[in-house]
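K.L.:
Structure file protein_33.cif, mmCIF, C-alpha atoms, is pasted below:
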```cif
data_coords
loop_
_atom_site.label_atom_id
_atom_site.label_comp_id
_atom_site.auth_asym_id
_atom_site.auth_seq_id
_atom_site.Cartn_x
_atom_site.Cartn_y
_atom_site.Cartn_z
CA MET Z 869 44.35 -6.46 121.74
CA ALA Z 870 42.76 -9.67 122.97
CA VAL Z 871 39.46 -7.88 123.49
CA GLY Z 872 39.59 -6.60 119.91
CA LEU Z 873 40.16 -10.10 118.50
CA VAL Z 874 37.27 -11.48 120.52
CA LEU Z 875 34.93 -8.76 119.13
CA LEU Z 876 36.08 -9.48 115.56
CA ASP Z 877 35.46 -13.19 116.05
CA ALA Z 878 32.02 -12.48 117.45
CA ARG Z 879 31.06 -10.29 114.41
CA THR Z 880 32.33 -12.93 112.00
CA ALA Z 881 30.34 -15.62 113.75
CA GLN Z 882 27.25 -13.40 113.75
CA ALA Z 883 27.66 -12.73 110.04
CA GLN Z 884 28.08 -16.44 109.34
CA ALA Z 885 24.96 -17.27 111.37
CA GLN Z 886 22.72 -15.00 109.24
CA PRO Z 887 20.79 -16.87 106.51
CA PRO Z 888 21.84 -16.00 102.94
CA ALA Z 889 19.68 -13.43 101.20
CA ALA Z 890 16.90 -14.98 99.06
CA PRO Z 891 17.56 -14.61 95.31
CA VAL Z 892 15.45 -11.82 93.77
CA ALA Z 893 12.89 -13.29 91.37
CA PRO Z 894 13.21 -11.72 87.89
CA ALA Z 895 10.30 -9.52 86.84
CA PRO Z 896 7.91 -11.44 84.54
CA VAL Z 897 8.58 -10.64 80.88
CA VAL Z 898 5.48 -9.22 79.22
CA GLU Z 899 5.73 -10.23 75.61
CA THR Z 900 2.60 -8.54 74.31
CA PRO Z 901 3.24 -5.17 72.69
CA THR Z 902 2.62 -1.91 74.52
CA SER Z 903 0.77 -0.43 71.58
CA LEU Z 904 -0.47 -1.53 68.18
CA ALA Z 905 -1.53 0.46 65.15
CA ILE Z 906 -3.35 -1.59 62.52
CA LEU Z 907 -4.40 -0.62 59.00
CA SER Z 908 -6.81 -3.07 57.41
CA LEU Z 909 -8.27 -3.71 53.98
CA THR Z 910 -11.41 -5.82 54.15
CA ALA Z 911 -13.73 -7.63 51.74
CA GLY Z 912 -17.02 -8.86 53.13
CA VAL Z 913 -20.42 -10.24 52.31
CA PRO Z 914 -23.43 -8.28 53.57
CA LEU Z 915 -25.12 -9.51 56.71
CA GLY Z 916 -28.67 -10.59 55.94
CA SER Z 917 -31.47 -8.07 56.33
CA ALA Z 918 -34.95 -7.45 54.95
CA GLU Z 919 -33.59 -4.62 52.78
CA GLU Z 920 -30.83 -6.86 51.44
CA ARG Z 921 -33.41 -9.51 50.42
CA LEU Z 922 -35.50 -6.82 48.71
CA LEU Z 923 -32.48 -5.50 46.81
CA GLU Z 924 -31.54 -9.05 45.75
CA LEU Z 925 -35.05 -9.52 44.33
CA ASP Z 926 -34.49 -6.32 42.36
CA GLY Z 927 -31.20 -7.65 40.97
CA TYR Z 928 -28.67 -6.13 43.37
CA SER Z 929 -26.02 -7.93 45.40
CA GLY Z 930 -22.28 -7.78 45.88
CA ALA Z 931 -19.41 -7.39 48.30
CA ARG Z 932 -18.61 -4.56 50.68
CA TYR Z 933 -15.05 -3.23 50.88
CA THR Z 934 -13.72 -1.55 54.00
CA PHE Z 935 -10.65 0.47 54.87
CA GLY Z 936 -10.04 0.59 58.61
CA PHE Z 937 -7.66 1.88 61.24
CA THR Z 938 -7.32 0.61 64.82
CA TYR Z 939 -5.05 1.81 67.61
CA LEU Z 940 -4.69 -0.45 70.65
CA ARG Z 941 -2.81 0.24 73.87
CA ARG Z 942 -2.02 -2.48 76.41
CA ALA Z 943 -4.16 -2.07 79.53
CA ALA Z 944 -3.08 -5.32 81.24
CA ASP Z 945 -0.70 -8.18 80.40
CA GLN Z 946 -2.94 -9.60 77.73
CA LEU Z 947 -5.63 -6.95 77.33
CA ALA Z 948 -5.55 -3.97 75.03
CA ILE Z 949 -8.07 -1.26 74.40
CA GLY Z 950 -8.37 1.53 71.87
CA PRO Z 951 -10.41 3.25 69.20
CA PHE Z 952 -11.25 2.06 65.68
CA VAL Z 953 -12.62 3.83 62.61
CA SER Z 954 -13.64 2.39 59.27
CA TYR Z 955 -15.06 3.41 55.92
CA THR Z 956 -17.03 0.93 53.82
CA THR Z 957 -18.10 1.27 50.21
CA ARG Z 958 -20.19 -0.89 47.91
CA SER Z 959 -21.23 -0.64 44.29
CA SER Z 960 -23.54 -3.19 42.73
CA SER Z 961 -24.43 -3.45 39.04
CA PRO Z 962 -27.61 -5.39 38.28
CA GLU Z 963 -27.37 -8.34 35.91
CA TYR Z 964 -29.88 -7.00 33.36
CA GLY Z 965 -28.83 -3.37 33.42
CA GLY Z 966 -30.15 -0.39 35.30
CA PRO Z 967 -28.61 2.05 37.73
CA ASP Z 968 -25.86 0.87 40.06
CA LEU Z 969 -26.58 0.60 43.75
CA GLY Z 970 -24.15 2.66 45.82
CA GLU Z 971 -23.44 2.54 49.54
CA SER Z 972 -21.13 4.51 51.82
CA THR Z 973 -20.78 3.71 55.50
CA GLY Z 974 -18.59 5.08 58.25
CA MET Z 975 -18.15 3.45 61.67
CA GLY Z 976 -16.21 4.32 64.78
CA GLY Z 977 -15.98 3.20 68.38
CA GLY Z 978 -13.92 1.26 70.87
CA GLN Z 979 -12.19 -2.09 70.64
CA LEU Z 980 -11.23 -4.44 73.47
CA ALA Z 981 -8.70 -7.10 72.50
CA TRP Z 982 -7.30 -10.15 74.23
CA MET Z 983 -3.71 -10.65 73.07
CA VAL Z 984 -1.49 -13.71 73.02
CA GLY Z 985 2.10 -13.69 71.74
CA GLY Z 986 4.37 -10.92 70.60
CA ARG Z 987 7.65 -10.33 68.83
CA ALA Z 988 9.43 -13.13 70.73
CA SER Z 989 6.80 -15.63 69.62
CA ARG Z 990 6.79 -14.13 66.12
CA TYR Z 991 3.02 -14.14 66.14
CA LEU Z 992 0.28 -12.24 67.90
CA LEU Z 993 -3.26 -13.49 68.27
CA LEU Z 994 -5.96 -10.89 68.83
CA VAL Z 995 -9.50 -11.78 69.78
CA SER Z 996 -11.46 -8.54 69.76
CA ALA Z 997 -14.89 -7.15 70.49
CA ARG Z 998 -15.98 -3.84 68.99
CA ALA Z 999 -18.81 -1.46 69.77
CA GLY Z 1000 -19.64 2.01 68.56
CA ALA Z 1001 -21.84 3.86 66.12
CA GLY Z 1002 -22.07 4.17 62.36
CA TYR Z 1003 -23.70 6.18 59.63
CA GLY Z 1004 -24.59 4.70 56.28
CA ALA Z 1005 -26.25 5.96 53.11
CA THR Z 1006 -27.62 4.03 50.16
CA GLY Z 1007 -28.93 5.04 46.74
CA PHE Z 1008 -29.43 4.03 43.12
CA HIS Z 1009 -28.87 7.43 41.57
CA SER Z 1010 -27.03 9.19 44.39
CA VAL Z 1011 -25.77 7.90 47.71
CA SER Z 1012 -28.06 9.79 50.04
CA ASP Z 1013 -30.69 9.26 52.72
CA GLY Z 1014 -28.30 8.17 55.45
CA HIS Z 1015 -29.11 6.77 58.86
CA TRP Z 1016 -27.30 6.35 62.16
CA GLY Z 1017 -27.14 3.04 63.96
CA LEU Z 1018 -25.39 1.00 66.63
CA ALA Z 1019 -22.28 -0.77 65.39
CA TRP Z 1020 -20.92 -3.90 67.03
CA GLY Z 1021 -18.90 -6.93 66.08
CA GLY Z 1022 -16.00 -9.24 66.74
CA GLU Z 1023 -12.75 -10.22 65.10
CA PHE Z 1024 -10.09 -12.92 65.26
CA ALA Z 1025 -6.71 -11.79 63.94
CA LEU Z 1026 -3.43 -13.60 63.42
CA LEU Z 1027 -0.64 -11.06 63.13
CA PHE Z 1028 3.09 -11.39 62.52
CA PRO Z 1029 4.74 -8.38 64.23
CA THR Z 1030 8.19 -9.00 62.75
CA ALA Z 1031 6.71 -8.94 59.26
CA ASN Z 1032 4.26 -6.10 60.06
CA PHE Z 1033 1.57 -8.17 58.43
CA GLY Z 1034 -1.47 -10.22 59.36
CA ALA Z 1035 -4.95 -11.42 58.49
CA ALA Z 1036 -8.28 -11.39 60.25
CA LEU Z 1037 -11.78 -12.85 60.10
CA GLY Z 1038 -14.72 -11.11 61.69
CA PHE Z 1039 -18.04 -9.40 61.37
CA MET Z 1040 -19.48 -5.96 62.01
CA SER Z 1041 -23.16 -5.25 62.32
CA LEU Z 1042 -24.69 -1.83 61.72
CA GLN Z 1043 -28.46 -1.97 61.94
CA VAL Z 1044 -30.19 1.07 60.49
CA PRO Z 1045 -33.77 1.90 59.53
CA GLY Z 1046 -34.74 1.16 55.94
CA PRO Z 1047 -34.00 3.94 53.46
CA GLY Z 1048 -36.85 5.56 51.54
CA ALA Z 1049 -40.53 5.17 52.32
CA LEU Z 1050 -40.57 1.54 51.21
CA GLY Z 1051 -37.12 0.56 52.44
CA ARG Z 1052 -36.97 -2.25 54.96
CA ASP Z 1053 -34.82 -2.81 58.03
CA ASN Z 1054 -31.26 -2.67 56.84
CA ASN Z 1055 -27.90 -3.91 58.07
CA LEU Z 1056 -24.89 -2.18 56.55
CA GLY Z 1057 -22.42 -4.55 58.23
CA SER Z 1058 -20.69 -7.58 56.80
CA ALA Z 1059 -18.92 -10.82 57.58
CA TYR Z 1060 -15.40 -10.27 56.32
CA GLY Z 1061 -11.86 -11.34 55.82
CA SER Z 1062 -9.10 -8.74 55.94
CA LEU Z 1063 -5.43 -8.16 55.31
CA GLU Z 1064 -3.73 -6.11 58.00
CA LEU Z 1065 -0.65 -3.96 58.16
CA LEU Z 1066 0.53 -3.46 61.73
CA PHE Z 1067 3.06 -1.43 63.65
CA ASP Z 1068 3.79 -2.45 67.25
CA GLY Z 1069 5.60 -0.62 69.99
CA MET C 31 -7.81 -58.23 20.87
CA ALA C 32 -10.31 -59.16 18.17
CA ASP C 33 -12.01 -55.75 18.63
CA ARG C 34 -8.65 -54.01 18.21
CA ARG C 35 -7.87 -55.95 15.02
CA ARG C 36 -11.30 -55.06 13.61
CA TRP C 37 -10.81 -51.43 14.60
CA LEU C 38 -7.42 -51.37 12.88
CA ALA C 39 -9.04 -52.84 9.81
CA GLY C 40 -11.70 -50.10 9.92
CA VAL C 41 -14.51 -52.48 10.81
CA PRO C 42 -16.65 -51.21 13.70
CA SER C 43 -17.06 -53.65 16.53
CA THR C 44 -20.38 -54.38 18.21
CA ARG C 45 -19.29 -52.26 21.17
CA HIS C 46 -18.51 -49.27 18.94
CA ALA C 47 -21.78 -49.61 17.10
CA ALA C 48 -23.67 -49.64 20.41
CA ARG C 49 -21.84 -46.53 21.62
CA ARG C 50 -22.60 -44.71 18.37
CA ALA C 51 -26.30 -45.62 18.60
CA LEU C 52 -26.44 -44.41 22.19
CA LEU C 53 -24.78 -41.12 21.24
CA CYS C 54 -27.22 -40.57 18.36
CA ALA C 55 -30.18 -41.28 20.64
CA LEU C 56 -28.82 -38.78 23.17
CA VAL C 57 -28.39 -36.06 20.52
CA VAL C 58 -31.93 -36.63 19.20
CA ALA C 59 -33.41 -36.56 22.71
CA MET C 60 -31.56 -33.32 23.55
CA SER C 61 -32.74 -31.73 20.30
CA ILE C 62 -36.35 -32.63 21.05
CA LEU C 63 -36.11 -31.33 24.60
CA ALA C 64 -34.37 -28.15 23.46
CA CYS C 65 -37.02 -27.39 20.86
CA ASP C 66 -39.78 -28.17 23.30
CA GLY C 67 -38.66 -25.81 26.04
CA ALA C 68 -36.13 -23.33 24.76
CA HIS C 69 -36.99 -19.65 24.54
CA ASP C 70 -34.90 -16.65 23.78
CA THR C 71 -35.46 -14.46 26.82
CA ASN C 72 -35.00 -10.78 27.45
CA ARG C 73 -35.53 -9.06 30.78
CA SER C 74 -36.00 -5.35 31.37
CA GLU C 75 -33.53 -3.38 33.45
CA SER C 76 -33.66 -3.14 37.23
CA ARG C 77 -35.46 -0.04 38.54
CA LEU C 78 -37.73 0.14 35.49
CA LEU C 79 -40.26 1.84 37.78
CA ASP C 80 -37.90 4.82 38.25
CA GLU C 81 -37.46 5.11 34.50
CA VAL C 82 -41.15 4.78 33.59
CA CYS C 83 -42.64 6.86 36.41
CA GLY C 84 -40.01 9.59 36.44
CA GLY C 85 -42.51 11.83 34.63
CA SER C 86 -46.29 11.83 34.88
CA ASN C 87 -46.98 8.62 32.97
CA CYS C 88 -48.03 6.61 36.00
CA THR C 89 -51.43 7.29 37.52
CA VAL C 90 -52.90 6.69 40.95
CA SER C 91 -56.42 6.95 42.34
CA GLY C 92 -58.09 6.70 45.74
CA SER C 93 -55.68 6.00 48.59
CA ALA C 94 -52.82 5.12 46.25
CA ARG C 95 -49.87 7.47 46.34
CA ARG C 96 -46.41 7.78 44.92
CA THR C 97 -43.58 7.61 47.48
CA THR C 98 -39.90 6.89 47.59
CA GLY C 99 -39.00 3.26 46.97
CA PRO C 100 -36.41 0.86 48.44
CA THR C 101 -34.01 3.83 48.69
CA GLY C 102 -34.56 7.54 49.22
CA ASP C 103 -33.82 8.36 45.57
CA SER C 104 -36.04 5.74 43.92
CA ILE C 105 -39.77 5.57 43.22
CA GLY C 106 -42.36 3.36 44.85
CA PHE C 107 -46.11 3.30 45.33
CA LYS C 108 -48.40 2.53 48.25
CA ALA C 109 -52.11 1.92 48.33
CA GLY C 110 -54.54 1.15 51.19
CA PRO C 111 -56.11 0.57 53.59
CA ASP C 112 -58.80 2.54 51.76
CA PRO C 113 -59.51 1.52 48.17
CA GLY C 114 -56.96 2.71 45.65
CA SER C 115 -55.29 1.77 42.39
CA ILE C 116 -51.99 2.23 40.57
CA SER C 117 -51.54 2.05 36.81
CA ILE C 118 -48.13 1.91 35.14
CA PRO C 119 -47.99 1.92 31.34
CA LEU C 120 -44.96 0.14 29.89
CA SER C 121 -43.47 0.20 26.43
CA THR C 122 -43.67 -3.10 24.59
CA PRO C 123 -40.37 -4.70 23.61
CA THR C 124 -40.46 -5.54 19.92
CA GLY C 125 -39.39 -8.77 18.26
CA TYR C 126 -40.69 -11.11 20.92
CA ASP C 127 -43.64 -13.49 20.81
CA GLN C 128 -44.75 -12.98 24.39
CA ASN C 129 -44.25 -10.37 27.10
CA ILE C 130 -44.90 -10.92 30.77
CA VAL C 131 -45.27 -7.98 33.14
CA GLU C 132 -44.32 -8.65 36.76
CA VAL C 133 -44.62 -6.42 39.83
CA LEU C 134 -42.48 -6.58 42.98
CA VAL C 135 -44.97 -6.14 45.80
CA SER C 136 -45.71 -6.88 49.44
CA GLY C 137 -48.72 -6.10 51.59
CA HIS C 138 -51.55 -7.32 53.72
CA GLY C 139 -54.72 -9.00 52.53
CA ASN C 140 -55.51 -9.19 48.83
CA ALA C 141 -54.80 -7.04 45.81
CA GLN C 142 -56.12 -6.95 42.27
CA ILE C 143 -52.96 -7.45 40.23
CA GLY C 144 -53.57 -7.39 36.49
CA GLY C 145 -57.27 -7.76 37.24
CA VAL C 146 -56.79 -10.97 39.25
CA SER C 147 -57.32 -11.06 43.01
CA LEU C 148 -54.21 -12.42 44.70
CA ALA C 149 -53.19 -12.89 48.34
CA LEU C 150 -50.29 -10.66 49.34
CA SER C 151 -47.32 -11.62 51.48
CA THR C 152 -45.60 -9.30 53.92
CA GLU C 153 -42.32 -10.37 52.28
CA PRO C 154 -41.77 -8.72 48.88
CA HIS C 155 -42.03 -11.04 45.87
CA TRP C 156 -42.56 -10.86 42.11
CA ILE C 157 -46.11 -11.47 40.90
CA GLU C 158 -47.19 -11.78 37.28
CA ALA C 159 -49.43 -8.84 36.41
CA GLN C 160 -50.04 -9.35 32.69
CA THR C 161 -49.21 -11.83 29.95
CA ALA C 162 -49.50 -10.43 26.46
CA ALA C 163 -48.91 -12.33 23.24
CA GLN C 164 -47.98 -10.14 20.31
CA SER C 165 -47.56 -10.45 16.60
CA SER C 166 -44.30 -9.48 15.00
CA SER C 167 -45.68 -6.12 13.84
CA SER C 168 -47.71 -4.81 16.76
CA GLY C 169 -48.17 -5.81 20.35
CA SER C 170 -50.79 -5.41 23.03
CA PRO C 171 -50.17 -2.39 25.25
CA LEU C 172 -48.50 -3.40 28.47
CA VAL C 173 -49.84 -2.08 31.75
CA ALA C 174 -48.95 -3.01 35.31
CA SER C 175 -52.06 -2.40 37.36
CA VAL C 176 -52.38 -2.92 41.09
CA ALA C 177 -55.49 -2.11 43.14
CA VAL C 178 -56.70 -2.77 46.66
CA THR C 179 -60.13 -2.75 48.23
CA GLN C 180 -61.08 -1.57 51.73
CA GLY C 181 -58.92 -3.04 54.51
CA ASN C 182 -56.03 -4.18 52.30
CA ASP C 183 -52.73 -2.48 51.57
CA VAL C 184 -49.96 -2.96 49.07
CA SER C 185 -46.44 -1.60 48.50
CA LEU C 186 -45.10 -1.59 44.94
CA TYR C 187 -41.29 -1.60 44.71
CA ASP C 188 -40.55 -2.20 41.01
CA VAL C 189 -41.89 -3.59 37.74
CA ARG C 190 -40.25 -5.65 35.02
CA VAL C 191 -41.05 -7.07 31.61
CA ILE C 192 -39.81 -10.52 30.64
CA SER C 193 -39.99 -11.17 26.90
CA TYR C 194 -39.87 -14.53 25.15
CA HIS C 195 -39.06 -15.38 21.57
CA THR C 196 -39.91 -18.99 20.86
CA ILE C 197 -37.26 -20.82 18.86
CA ASN C 198 -38.67 -22.29 15.65
CA CYS C 199 -37.99 -26.02 15.69
CA ASP C 200 -39.19 -26.75 12.14
#
```
Would you mind writing the file out in structure tokens?

P.N.:
Amino acid sequence: MAVGLVLLDARTAQAQAQPPAAPVAPAPVVETPTSLAILSLTAGVPLGSAEERLLELDGYSGARYTFGFTYLRRAADQLAIGPFVSYTTRSSSPEYGGPDLGESTGMGGGQLAWMVGGRASRYLLLVSARAGAGYGATGFHSVSDGHWGLAWGGEFALLFPTANFGAALGFMSLQVPGPGALGRDNNLGSAYGSLELLFDG
Amino acid sequence: MADRRRWLAGVPSTRHAARRALLCALVVAMSILACDGAHDTNRSESRLLDEVCGGSNCTVSGSARRTTGPTGDSIGFKAGPDPGSISIPLSTPTGYDQNIVEVLVSGHGNAQIGGVSLALSTEPHWIEAQTAAQSSSSGSPLVASVAVTQGNDVSLYDVRVISYHTINCD
């Protein structure tokens, strides 16, 4: 009996001598969304090009309008990557009459975005770079004679995930050869502002 | 206070008289300037070249050739570096005192535009090709002519006619 009590005392003393277990640090909360789907409606001014200057001399100018879709998936805490596609259209009526100038452009590629914020912050900042390819066609009487080119650009977006809404400023460049025999180097991109509808997960 | 009493009594003050004189002088000056420089202007449509040269009205010789223009579905002309010429007949707008034909061109070296030798720029720009005064009943035929000699080249993108009707100031 006495031996048993001595053993019990020894175990208790040993247990008391052990240092308390260190508190487990909570896992860092990643606020940025796992995935983002963004629909955008954009109005932009054409980026300058030799073809644009020629068309202006001939009485043509005007805005480009773009409908776009982007899907981003978080690759790191604040980095997301995903594809984008867009369709741009333009119609310009000259001041003194004549045929309208028509343009149709499609672009697609990849987007890398640096993200700050999330639902807890009620805002999400996206600073993005885009690169890909595009195909654009121009014409006075029919939108034809298209050309492929390298598309690239950047965008700064302020999004409000709880409202599923946001806005962005950016530019996209799509340099293509001049249309027609006398067409000059052309850029079918634009500097733009856009309204964005987003869905985060 | 005295001015206000005179104004209430319907008697113009010195200040009011000065303002009225200044206003009259301004109206007269504007009328003179308006009559001196004002013209009623009309400009032809964009892509007049496509409209005029859609058929076989426009003629080329030598190295000059018809091509597509600033887009794949428009018309343009090129000439050079061997000698060549382009001739584009244009209909004369009626009811104007003066018509000016202009050509949108670029190129290297010199070109005979409307019979006058002019230096070309590699950047496209409008150059006056013909000035034709006309009576109210009949006008001079309008022609846009562009020619190059050996070693020069020109691209013709479009033509236009700007018409003026001088306002009668009598």

K.L.:
Please write as JSON, numbers by chain the full residue list that the PyMOL selection byres ((chain C) within 10 of (chain Z)) yields on this file.

P.N.:
{"C": [72, 73, 74, 75, 76, 77, 78, 80, 81, 96, 97, 98, 99, 100, 101, 102, 103, 104, 105, 106, 107, 108, 134, 135, 153, 154, 155, 156, 185, 186, 187, 188, 189, 190]}

K.L.:
Tell me, as a PyMOL selection string, which residues lie within 12 Å of Ser121 in chain C, counting only C-alpha atoms; anything in the same chain fewer than 2 positions away does not count.

P.N.:
chain C and resi 74+78-79+81-82+87+118-119+123-124+129+131+168-174+190-191+193

K.L.:
Rank Z:Leu1065, Z:Ala931, Z:Ala1019, Z:Tyr1060 by their smallest atom-to-atom distance to Ala1031 in chain Z, using only C-alpha atoms, and report the top residue only.

P.N.:
Z:Leu1065

K.L.:
Within 8 Å of range 983-992 of chain Z, counting only C-alpha atoms, which residues qualify if same-chain residues fewer than 2 places away don't, as number ranges by chain?

P.N.:
Z: 899-901, 946-948, 981, 994-995, 1026-1030

K.L.:
Can you measure CA of Gly137 in chain C to CA of Glu158 in chain C for me? One decimal in Å is fine.

P.N.:
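A separation of 15.5 Å between them.
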
K.L.:
Taking only C-alpha atoms into account, which of Z:Ser917, Z:Thr938, Z:Ser929, Z:Ser954 comes nearest Asn1054 in chain Z?

P.N.:
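So, comparing all the options, the nearest one is Z:Ser917.
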
K.L.:
So how far away is CA of Leu1042 in chain Z from CA of Ala943 in chain Z, in Å?

P.N.:
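Distance between the two atoms: 27.2 Å.
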
K.L.:
How many Å separate CA of Thr902 in chain Z from CA of Gly1000 in chain Z?

P.N.:
23.4 Å

K.L.:
Find the residues around Pro113 in chain C up to 6 Å (all atoms listed in the file counted), leave out those fewer than 2 positions away in its own chain, and share them as a PDB file with C-alpha atoms, in the frame of the given file.

P.N.:
```pdb
ATOM      1  CA  GLY C  92     -58.090   6.700  45.740  1.00  0.00           C
ATOM      2  CA  SER C  93     -55.680   6.000  48.590  1.00  0.00           C
ATOM      3  CA  GLY C 110     -54.540   1.150  51.190  1.00  0.00           C
ATOM      4  CA  VAL C 178     -56.700  -2.770  46.660  1.00  0.00           C
ATOM      5  CA  THR C 179     -60.130  -2.750  48.230  1.00  0.00           C
ATOM      6  CA  GLN C 180     -61.080  -1.570  51.730  1.00  0.00           C
TER       7      GLN C 180
END
```

K.L.:
Excluding same-chain residues fewer than 6 positions from range 140-144 of chain C, what lies within 7 Å of it counting only C-alpha atoms, as a ChimeraX atom specification?

P.N.:
/C:150,159-160,174-178,182

K.L.:
Write out, as a PDB file, in the frame of the given file, the residues just selected, with C-alpha atoms.

P.N.:
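Final output, again06.pdb:
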```
ATOM      1  CA  LEU C 150     -50.290 -10.660  49.340  1.00  0.00           C
ATOM      2  CA  ALA C 159     -49.430  -8.840  36.410  1.00  0.00           C
ATOM      3  CA  GLN C 160     -50.040  -9.350  32.690  1.00  0.00           C
ATOM      4  CA  ALA C 174     -48.950  -3.010  35.310  1.00  0.00           C
ATOM      5  CA  SER C 175     -52.060  -2.400  37.360  1.00  0.00           C
ATOM      6  CA  VAL C 176     -52.380  -2.920  41.090  1.00  0.00           C
ATOM      7  CA  ALA C 177     -55.490  -2.110  43.140  1.00  0.00           C
ATOM      8  CA  VAL C 178     -56.700  -2.770  46.660  1.00  0.00           C
ATOM      9  CA  ASN C 182     -56.030  -4.180  52.300  1.00  0.00           C
TER      10      ASN C 182
END
```

K.L.:
Can you translate the PyMOL selection byres ((chain Z and resi 933) around 6) into the concrete residues it hits in this file, as a count of residues only?

P.N.:
6

K.L.:
Might you spell out which residues the PyMOL selection byres ((chain Z and resi 904) around 7) would select in the displayed file, as number ranges by chain?

P.N.:
Z: 901, 903, 905-906, 939-941, 1066-1069
